[in-house]
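What follows is the content of query-v1.txt, which has compact mmCIF, C-alpha atoms and all ligand atoms:
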# COMPACT_ATOMS: atom_id res chain seq x y z
CA LEU A 237 66.81 119.14 105.08
CA THR A 238 65.29 121.58 107.50
CA ASP A 239 68.31 121.27 109.83
CA ASP A 240 70.38 122.92 107.13
CA VAL A 241 68.32 126.11 106.99
CA GLY A 242 70.67 128.99 107.71
CA ARG A 243 73.67 126.76 107.91
CA TYR A 244 75.34 128.11 104.78
CA THR A 245 74.06 131.69 104.87
CA ARG A 246 77.47 133.17 105.55
CA GLN A 247 79.31 131.23 102.86
CA ILE A 248 76.60 131.85 100.26
CA LEU A 249 77.54 135.50 100.75
CA ALA A 250 81.02 134.49 99.58
CA PHE A 251 80.28 131.99 96.80
CA GLY A 252 76.78 132.96 95.69
CA GLU A 253 73.86 130.56 95.87
CA GLY A 254 74.69 128.73 92.63
CA GLY A 255 78.40 128.57 93.40
CA ASP A 256 77.77 127.28 96.88
CA ARG A 257 75.48 124.57 95.52
CA LYS A 258 78.07 123.45 92.93
CA LEU A 259 80.78 123.37 95.55
CA ARG A 260 78.73 121.30 97.98
CA ALA A 261 77.70 118.84 95.24
CA THR A 262 81.33 117.88 94.61
CA SER A 263 82.35 114.41 95.79
CA VAL A 264 85.88 113.95 97.08
CA ALA A 265 88.38 111.14 97.60
CA ILE A 266 90.96 111.85 100.31
CA VAL A 267 94.03 109.64 100.28
CA GLY A 268 96.05 109.83 103.48
CA LEU A 269 94.23 110.71 106.70
CA GLY A 270 97.16 111.93 108.76
CA GLY A 271 98.08 115.47 109.76
CA LEU A 272 97.17 117.00 106.39
CA GLY A 273 94.31 114.71 105.43
CA SER A 274 92.46 115.15 108.70
CA GLN A 275 92.49 118.94 108.32
CA ILE A 276 91.34 118.69 104.69
CA THR A 277 88.53 116.38 105.78
CA GLN A 278 87.39 118.75 108.52
CA ALA A 279 87.43 121.81 106.26
CA LEU A 280 85.52 120.04 103.45
CA ALA A 281 82.88 118.78 105.88
CA TYR A 282 82.30 122.32 107.17
CA LEU A 283 82.20 123.64 103.59
CA GLY A 284 79.27 121.35 102.95
CA VAL A 285 80.83 118.55 100.90
CA ARG A 286 78.68 115.50 101.59
CA LYS A 287 80.23 112.61 99.70
CA PHE A 288 83.59 111.30 100.85
CA LEU A 289 85.92 108.43 100.10
CA LEU A 290 88.62 108.06 102.77
CA VAL A 291 91.64 105.85 102.06
CA ASP A 292 94.36 104.98 104.58
CA ASP A 293 95.48 101.74 106.24
CA ASP A 294 97.37 103.44 109.05
CA ARG A 295 96.38 103.53 112.71
CA VAL A 296 96.56 106.26 115.35
CA SER A 297 99.58 106.28 117.66
CA ALA A 298 100.52 108.57 120.55
CA SER A 299 102.95 110.54 118.36
CA ASN A 300 100.02 111.55 116.07
CA LEU A 301 98.18 113.37 118.84
CA ASN A 302 100.07 116.65 118.29
CA ARG A 303 98.39 117.14 114.92
CA LEU A 304 95.75 114.57 113.97
CA VAL A 305 92.51 116.54 113.95
CA GLY A 306 89.67 114.59 115.56
CA ALA A 307 91.88 112.00 117.27
CA THR A 308 91.69 111.46 121.02
CA PRO A 309 94.11 109.82 123.48
CA GLY A 310 91.64 106.91 123.53
CA ASP A 311 92.10 106.45 119.77
CA ALA A 312 95.85 106.21 120.26
CA LYS A 313 95.42 103.75 123.10
CA ARG A 314 93.27 101.35 121.09
CA GLU A 315 95.22 102.04 117.86
CA GLU A 316 92.09 103.15 116.03
CA LEU A 317 92.18 103.29 112.23
CA LYS A 318 92.80 106.82 110.92
CA VAL A 319 89.92 106.47 108.44
CA LYS A 320 87.57 105.72 111.35
CA VAL A 321 88.67 108.89 113.13
CA ALA A 322 88.11 110.88 109.93
CA GLU A 323 84.71 109.28 109.32
CA ARG A 324 83.63 110.15 112.87
CA LEU A 325 84.84 113.72 112.31
CA VAL A 326 82.78 114.12 109.12
CA LEU A 327 79.66 112.62 110.70
CA SER A 328 79.96 114.82 113.78
CA VAL A 329 79.93 117.91 111.53
CA ALA A 330 77.44 116.50 109.01
CA PRO A 331 75.38 113.50 110.15
CA ASP A 332 73.80 113.29 106.68
CA ALA A 333 77.12 112.85 104.85
CA GLU A 334 77.82 109.74 102.82
CA VAL A 335 81.22 108.40 103.87
CA ARG A 336 83.01 105.39 102.49
CA ALA A 337 86.03 104.72 104.70
CA ILE A 338 88.36 102.03 103.39
CA PRO A 339 91.23 100.99 105.66
CA VAL A 340 93.46 99.78 102.84
CA ASN A 341 96.74 100.77 101.28
CA LEU A 342 96.65 102.83 98.10
CA ARG A 343 98.37 99.84 96.51
CA SER A 344 95.25 97.69 96.54
CA VAL A 345 92.59 96.82 93.98
CA GLU A 346 89.96 98.24 96.33
CA ALA A 347 91.56 101.70 96.54
CA LEU A 348 92.55 101.92 92.88
CA THR A 349 89.04 101.02 91.70
CA ALA A 350 87.13 103.16 94.23
CA ILE A 351 88.95 106.46 93.66
CA PRO A 352 87.87 107.00 90.01
CA GLY A 353 84.22 107.23 91.15
CA PHE A 354 84.80 110.66 92.77
CA ASP A 355 84.97 114.19 91.33
CA VAL A 356 88.18 115.46 92.95
CA VAL A 357 91.09 113.61 94.58
CA PHE A 358 93.07 115.04 97.49
CA GLY A 359 96.54 113.52 97.84
CA CYS A 360 97.66 113.95 101.45
CA VAL A 361 100.44 111.39 101.38
CA ASP A 362 103.97 111.78 102.66
CA ARG A 363 105.83 109.50 100.25
CA ASP A 364 106.82 110.10 96.63
CA GLY A 365 105.85 106.50 95.83
CA SER A 366 102.21 107.22 96.70
CA ARG A 367 102.40 110.55 94.84
CA LEU A 368 103.53 108.74 91.72
CA ILE A 369 100.62 106.27 91.92
CA LEU A 370 98.06 109.05 92.47
CA THR A 371 99.52 111.10 89.61
CA GLU A 372 99.27 108.21 87.15
CA LEU A 373 95.83 107.11 88.39
CA CYS A 374 94.39 110.61 88.07
CA ALA A 375 95.84 111.18 84.60
CA ALA A 376 94.56 107.82 83.37
CA TYR A 377 91.03 108.37 84.71
CA LEU A 378 90.91 112.12 83.99
CA LEU A 379 90.52 113.12 87.65
CA PRO A 380 91.64 116.45 89.09
CA LEU A 381 94.29 115.88 91.76
CA VAL A 382 95.04 118.30 94.59
CA ASP A 383 98.43 117.29 95.94
CA ILE A 384 99.55 118.74 99.26
CA ALA A 385 102.98 118.44 100.84
CA ALA A 386 104.29 119.85 104.11
CA GLU A 387 107.87 119.56 105.22
CA ILE A 388 110.04 120.76 108.05
CA ILE A 389 113.76 120.47 107.59
CA VAL A 390 115.96 121.23 110.55
CA VAL A 391 119.71 121.25 109.93
CA ASP A 392 122.21 122.55 112.48
CA GLY A 393 123.62 125.95 111.61
CA ARG A 394 121.02 126.71 108.94
CA GLU A 395 117.70 128.54 108.88
CA PRO A 396 115.06 125.83 109.33
CA ASP A 397 112.72 125.20 106.45
CA PHE A 398 109.07 125.17 107.55
CA GLY A 399 107.12 124.92 104.37
CA GLY A 400 105.24 123.09 101.74
CA ARG A 401 103.26 123.42 98.57
CA VAL A 402 99.89 122.79 97.00
CA LEU A 403 99.48 121.63 93.41
CA ILE A 404 96.14 121.69 91.63
CA CYS A 405 96.59 119.26 88.75
CA ARG A 406 93.71 119.07 86.33
CA PRO A 407 94.08 116.36 83.68
CA GLY A 408 96.28 117.38 80.79
CA GLU A 409 96.85 120.84 82.24
CA TYR A 410 99.61 120.61 84.83
CA CYS A 411 101.03 117.81 86.95
CA ILE A 412 103.67 116.99 89.50
CA ASP A 413 106.11 116.17 86.67
CA CYS A 414 105.45 119.52 84.96
CA ALA A 415 106.09 121.10 88.38
CA ASP A 416 109.32 119.14 88.86
CA GLN A 417 108.06 118.09 92.27
CA LEU A 418 108.40 114.33 92.03
CA ASP A 419 111.64 112.56 92.88
CA ARG A 420 111.32 109.41 90.78
CA ASN A 421 114.31 107.75 92.47
CA GLN A 422 112.67 108.27 95.84
CA ALA A 423 109.37 107.02 94.41
CA LYS A 424 111.05 103.89 93.07
CA TRP A 425 112.62 103.33 96.48
CA ASP A 426 109.27 103.75 98.23
CA LEU A 427 107.63 101.23 95.90
CA SER A 428 110.35 98.62 95.84
CA SER A 429 109.76 95.40 97.75
CA ASP A 430 111.30 94.88 101.17
CA ASP A 431 113.88 92.51 99.72
CA ALA A 432 114.90 94.94 97.00
CA ARG A 433 115.10 97.74 99.55
CA ALA A 434 117.37 95.71 101.80
CA THR A 435 119.70 94.98 98.87
CA ARG A 436 119.75 98.58 97.75
CA ALA A 437 120.39 99.82 101.28
CA LYS A 438 123.30 97.37 101.62
CA HIS A 439 124.86 98.75 98.47
CA GLY A 440 124.46 102.31 99.60
CA TYR A 441 121.46 103.23 97.47
CA GLY A 442 119.13 103.59 100.41
CA LEU A 443 117.31 106.88 100.40
CA GLY A 444 115.94 106.16 103.82
CA ASP A 445 112.47 106.45 105.29
CA ALA A 446 111.46 109.69 106.94
CA VAL A 447 109.59 107.90 109.72
CA SER A 448 110.21 110.50 112.41
CA ALA A 449 110.26 113.69 110.37
CA PRO A 450 109.26 116.84 112.27
CA ALA A 451 105.56 117.73 111.98
CA VAL A 452 103.55 120.63 113.40
CA VAL A 453 99.77 121.06 113.37
CA SER A 454 99.73 124.72 112.31
CA LEU A 455 101.87 124.15 109.21
CA ASN A 456 99.58 121.31 108.14
CA GLY A 457 96.60 123.56 108.77
CA THR A 458 98.02 126.36 106.63
CA LEU A 459 98.68 124.07 103.67
CA ALA A 460 95.43 122.13 104.02
CA ASN A 461 93.43 125.35 104.07
CA ILE A 462 95.29 126.87 101.12
CA ALA A 463 94.31 123.72 99.21
CA VAL A 464 90.66 123.81 100.35
CA THR A 465 90.37 127.53 99.55
CA GLU A 466 91.59 126.92 95.99
CA PHE A 467 89.15 124.01 95.74
CA ALA A 468 86.26 126.19 96.95
CA LEU A 469 87.02 129.10 94.60
CA TRP A 470 87.42 126.75 91.66
CA ARG A 471 84.41 124.47 92.28
CA SER A 472 82.09 127.38 93.06
CA GLY A 473 83.14 128.96 89.76
CA LEU A 474 84.48 132.13 91.39
CA ARG A 475 87.83 131.81 89.65
CA GLU A 476 90.25 129.31 88.16
CA PRO A 477 92.55 127.73 90.73
CA HIS A 478 96.18 128.68 91.12
CA ARG A 479 98.01 125.55 90.02
CA HIS A 480 101.06 125.84 92.21
CA ILE A 481 101.30 127.62 95.57
CA THR A 482 104.38 127.49 97.76
CA HIS A 483 104.33 128.39 101.46
CA TYR A 484 107.58 129.50 103.10
CA GLY A 485 106.51 129.25 106.71
CA PHE A 486 109.73 130.27 108.35
CA ARG A 487 109.78 133.52 106.37
CA GLY A 488 106.03 134.03 106.66
CA LYS A 489 105.55 134.11 102.88
CA THR A 490 103.25 132.43 100.43
CA ALA A 491 103.88 132.65 96.70
CA VAL A 492 101.91 131.70 93.61
CA ARG A 493 104.01 130.23 90.84
CA GLU A 494 103.13 131.87 87.54
CA ASP A 495 104.92 129.65 85.00
CA THR A 496 102.63 126.68 85.36
CA GLN A 497 102.44 125.50 81.79
CA ARG A 498 102.24 121.89 80.78
CA LYS A 499 105.71 120.61 79.99
CA GLN A 500 106.14 119.70 76.34
CA GLY A 501 105.99 115.95 75.93
CA CYS A 502 105.02 115.40 79.59
CA TYR A 503 104.67 111.65 80.15
CA THR A 504 101.74 112.13 82.56
CA CYS A 505 99.86 114.94 80.83
CA GLU A 506 100.20 113.53 77.32
CA TYR A 507 101.05 109.83 77.20
CA LEU A 508 98.94 108.63 80.15
CA LEU A 509 96.05 111.03 79.67
CA GLY A 510 92.75 109.16 79.61
CA SER A 511 94.44 105.78 79.20
CA PRO A 512 94.18 103.25 82.04
CA GLU A 513 95.78 100.71 79.66
CA ARG A 514 98.92 102.79 79.31
CA ALA A 515 99.05 103.63 83.02
CA ASN A 516 98.89 99.88 83.80
CA LEU A 517 98.22 100.55 87.48
CA SER A 518 98.19 96.88 88.39
CA ARG A 519 102.01 97.03 88.32
CA PHE A 520 101.78 98.96 91.60
CA LEU A 521 99.99 96.12 93.39
CA PRO A 522 102.28 94.25 95.78
CA LYS A 523 103.50 90.95 94.40
CA ALA A 524 102.05 87.92 96.12
CA LYS A 525 104.58 86.24 98.41
CA GLU A 526 105.60 82.69 97.47
ZN ZN C 601 102.56 117.06 83.27

Spit out the file's structure as structure tokens when you get a sec.
Ligand SMILES: [Zn+2]
Amino acid sequence: LTDDVGRYTRQILAFGEGGDRKLRATSVAIVGLGGLGSQITQALAYLGVRKFLLVDDDRVSASNLNRLVGATPGDAKREELKVKVAERLVLSVAPDAEVRAIPVNLRSVEALTAIPGFDVVFGCVDRDGSRLILTELCAAYLLPLVDIAAEIIVVDGREPDFGGRVLICRPGEYCIDCADQLDRNQAKWDLSSDDARATRAKHGYGLGDAVSAPAVVSLNGTLANIAVTEFALWRSGLREPHRHITHYGFRGKTAVREDTQRKQGCYTCEYLLGSPERANLSRFLPKAKE
């Protein structure tokens, strides 16, 4: 493509010609196109990634406009699908990109069967239920999963917590369970049916839904770009990725966790590894209503 002449000159200086080519040949599935996912999408499009799967059934609302990269007030007004905004963003940067945008929930046959066709999965979800599904899917189909989380916790009388973390989970190497970063009770709550949730809430088991959690564009950008930088260094062959990076935004610190070994007997890294039968992902599909 003659249009591309000179386009990557400056990053070839960073990754080398071969590394740059390998990086740009990687196909990606991005699950969750909100504050984090939109920034990941933008960065990957600029890096030269040209094959995307975008998965999210959510729509743009006015309260997204403080952080959803690519979204306009018009998108909020007509409640545009977030995957459509992301697709438009990719194509504006790279008109030759191949984008499959599916406006479905992760808990659908369409999403669960499409994701395994891509080289690397980016999990940009805000619920532990979705994290659990992505973790099991990626282990079963031997897909590397980059899981990004950003969180702001504001409690009166305490130093606020503006932070998050990035996990690079390659199959059998390290996972969210090895990292102790998955709250399985919360995940169970997220995935329970509306009826079961109502019962649990009535009996005081409700863990609640963080519908209006604080969210700031710059924190999302920091975490998204830490994740994409690790991806770029790893896929270009420059170095192995750090598996676990924590960002303490309020203190202005970022730390690499060193003890990132696979946990002995890890359910995900050992039992589910390479086995869609054992993962039995169809149990995550919503039950048909009678
Ligand atoms: Zn593990």

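Restricting the calculation to all atoms listed in the file, the smallest distance between ligand ZN 601 (chain C) and any of A:Leu301, A:Cys411, A:Ala524, A:Leu342 is found for A:Cys411.
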
Inset, instruction - Please check which residues have atoms at most 12 Å from (94.0, 126.1, 98.9) in the file's coordinates, counting only C-alpha atoms, and write them as number ranges by chain. - result: A: 275-276, 279-280, 358, 382-385, 400-404, 456-471, 476-483, 490, 492

Legend entry - Protein and nucleic acid residues within 6 Å of ligand ZN 601 (chain C) (only C-alpha atoms and all ligand atoms) as a PyMOL selection string: chain A and resi 410-411+413-414+498-499+502+504-505

Legend entry - Minimum-distance residue to A:Val291, chosen among A:Lys313, A:Arg343, A:Arg303, A:Arg260 (using only C-alpha atoms): A:Arg343

Legend entry - Nearest residue to A:Lys258 from the set A:Ser297, A:Thr349, A:Ser472, A:Ser518 (distances using only C-alpha atoms):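 With only C-alpha atoms as the atom set, the closest residue is A:Ser472.
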
Please, can stretch 242-254 of chain A be completed to N, CA and C atoms and returned as a tab-separated table (two decimals), in the frame of the given file?
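Wrote it out as part-v9.tsv, contents follow:
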chain	number	residue	atom	x	y	z
A	242	GLY	N	69.80	128.00	107.06
A	242	GLY	CA	70.67	128.99	107.71
A	242	GLY	C	72.10	128.54	107.86
A	243	ARG	N	72.34	127.28	107.65
A	243	ARG	CA	73.67	126.76	107.91
A	243	ARG	C	74.73	127.39	107.00
A	244	TYR	N	74.36	127.63	105.75
A	244	TYR	CA	75.34	128.11	104.78
A	244	TYR	C	75.19	129.59	104.42
A	245	THR	N	74.33	130.28	105.19
A	245	THR	CA	74.06	131.69	104.87
A	245	THR	C	75.33	132.49	104.68
A	246	ARG	N	76.27	132.32	105.59
A	246	ARG	CA	77.47	133.17	105.55
A	246	ARG	C	78.39	132.82	104.39
A	247	GLN	N	78.42	131.54	103.99
A	247	GLN	CA	79.31	131.23	102.86
A	247	GLN	C	78.64	131.47	101.51
A	248	ILE	N	77.30	131.47	101.50
A	248	ILE	CA	76.60	131.85	100.26
A	248	ILE	C	76.92	133.30	99.93
A	249	LEU	N	77.13	134.11	100.97
A	249	LEU	CA	77.54	135.50	100.75
A	249	LEU	C	78.89	135.55	100.04
A	250	ALA	N	79.70	134.53	100.24
A	250	ALA	CA	81.02	134.49	99.58
A	250	ALA	C	80.95	133.88	98.19
A	251	PHE	N	80.25	132.75	98.06
A	251	PHE	CA	80.28	131.99	96.80
A	251	PHE	C	79.06	132.22	95.90
A	252	GLY	N	78.04	132.85	96.43
A	252	GLY	CA	76.78	132.96	95.69
A	252	GLY	C	76.00	131.67	95.83
A	253	GLU	N	74.69	131.74	95.64
A	253	GLU	CA	73.86	130.56	95.87
A	253	GLU	C	74.21	129.41	94.92
A	254	GLY	N	74.36	129.74	93.64
A	254	GLY	CA	74.69	128.73	92.63
A	254	GLY	C	76.08	128.15	92.87
